[in-house]
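Below is one structure; the comments refer to it alone.
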Amino acid sequence: MSSSAVEAEAPDLVCQLDNVQGMVDALSAVRWKRHQDAVVELSEHGVVLIVEDTGCLQAKVYLQRELFVRYEYHAEGRPRFGVSLGLFVDCLNSFSAPGRSSMIEIQYPGPDMQLLIKTRIPDTISWDYNFEPAGSTPLTFTVKSAALKEAIDDLEWPGSSIQINLQPDPPCITFKGEGHGDLQIDFTYYVNTDLVIAFHCDCQVSYRYKYKFLRATTSNLPSSVIKDNRGSKLTIGRGGMLKVQHLVSVARSATSHPHIDSAGHQQPSRIAYIEFFVKSEVDE
C-alpha cells in the first residue's frame, strides 16, 4: 500500500482528552432541552459545538486544541457533522468518575462516518491473582449467602479490619471486628448446619482483612442470590489470600422453561460464577 493511500485513510481528527468531566460540564451548560441536536465543527484550532433553538437562540462551546493532550487534524477546510447533544453528553458521562482523571480518545470519522469515543487503558500492572492452596487440605467453608452478607454488614466500622479465624476442633468460623470494643460472630459447623453447608480445615488459621474490601464481596449481591441462598464458598490460600465465590442464577424469565435437573437444581449452564480475591493485611 502506498504512503498516499495511508494518508488518505487518516481520519479528519484524532484527539485525546484527560479531563472528561470538564468537557461534560461545558457541554451541559448549553443543554437546555432533553432532546437537543447540535452541530460540531472541526478545525486546526479546535472543536466548536453549536446549538440552536427555532432560529431565536444560539449557543457555542469552544474547545481549543490546547485543552487536548493530543490533537491531530488532517482535514481540509472545516468539516461539520450533526450529533444528538444529549446522547453525546451521556456517552461522555459514562467515562467520567468524580475525583478521578480518565483518558478518552475521540475520532472522526469512523469507518461508517460515525463519531468514535474510545477509552484509554491506563498503564497499570495488576497484582498476581494466582491463588495457591495453603496446604494439602483446603481451608474452606461454605455458608448461606444471606448469613454471610448479614454477618459482614453487622461488623461494619469505618476504617476497621475484620479477622477471620478457622479452627478444626470444634469446627468453627469466627468473624471478629475491631472498633469501640470487639464484636464477633461465630458459625459452628455442627450447631449451625442450616447456615454452614460445608467445612474443611485441619489446622487453626487467622487472618485480618480490610473491612471495605471484605464488604465489597457481598455489598452488591443481586437479590436473587440472597433469595436463592444457595451458599457462598470462602477459601483461604497461601499467605492468607481469601477467595470468595458466589453463584448467580441467569435463568430465563418465569414464562420460559428453565433448565432443571432431576434433583431440582438448575444446570450449570444457567449459573454465573463470581469470584473475589482479597489480600490479607500484613502485620507491621
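Labeling convention for the C-alpha cells: chains A, B, ... as they appear, residues from 1 per chain, ligands from 1 in order of appearance.
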(message) Can you tell me, as a ChimeraX atom specification, which residues in region 91-225 of chain A count as strand (DSSP E or B) by DSSP?
(response) /A:97,100,104-108,116-119,133,139-143,161-168,171-179,181-188,196-200,205-210
(request) Mind the document's chain letters and residue numbers, and return as a PyMOL selection string the residues of region 23-254 of chain A that DSSP labels helix (DSSP H, G or I). (result) chain A and resi 23-28+65-67+85-93+145-154+211-216+223-228+238-240
(request) Using only C-alpha atoms, find the one residue out of A:Gly82, A:Gly135, A:Pro222, A:Pro170 that sits nearest to Leu115 (chain A). (result) A:Gly82
Can you write out as CSV which residues of region 59-136 of chain A fall within 6 Å of region 229-238 of chain A, alongside each residue's closest atom pair and its distance in Å to one decimal, counting only C-alpha atoms and ordering rows by chain and ascending residue number?
```
residue,atom,partner,partner_atom,distance
A:Glu132,CA,A:Gly237,CA,5.5
A:Pro133,CA,A:Gly237,CA,4.6
A:Ala134,CA,A:Arg238,CA,4.1
```
(request) Skip region 73-75 of chain A itself and residues of its chain fewer than 6 positions away, then list as JSON, numbers by chain all residues within 7 Å of it, counting only C-alpha atoms. (result) {"A": [11, 12, 13, 14, 44]}
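Excluding Tyr209 (chain A) and any residue on its chain fewer than 6 positions from it, the residues at most 8 Å away by only C-alpha atoms are Ser161, Ile162, Gln163, Ile164, Val278, Lys279, Ser280 and Glu281 of chain A.
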(message) Which residues are near Glu105 (chain A)? Cut-off 12 Å, only C-alpha atoms, ignore same chain within fewer than 5 positions. Put them as a ChimeraX atom specification.
(response) /A:13-20,68-72,92,95,115-121
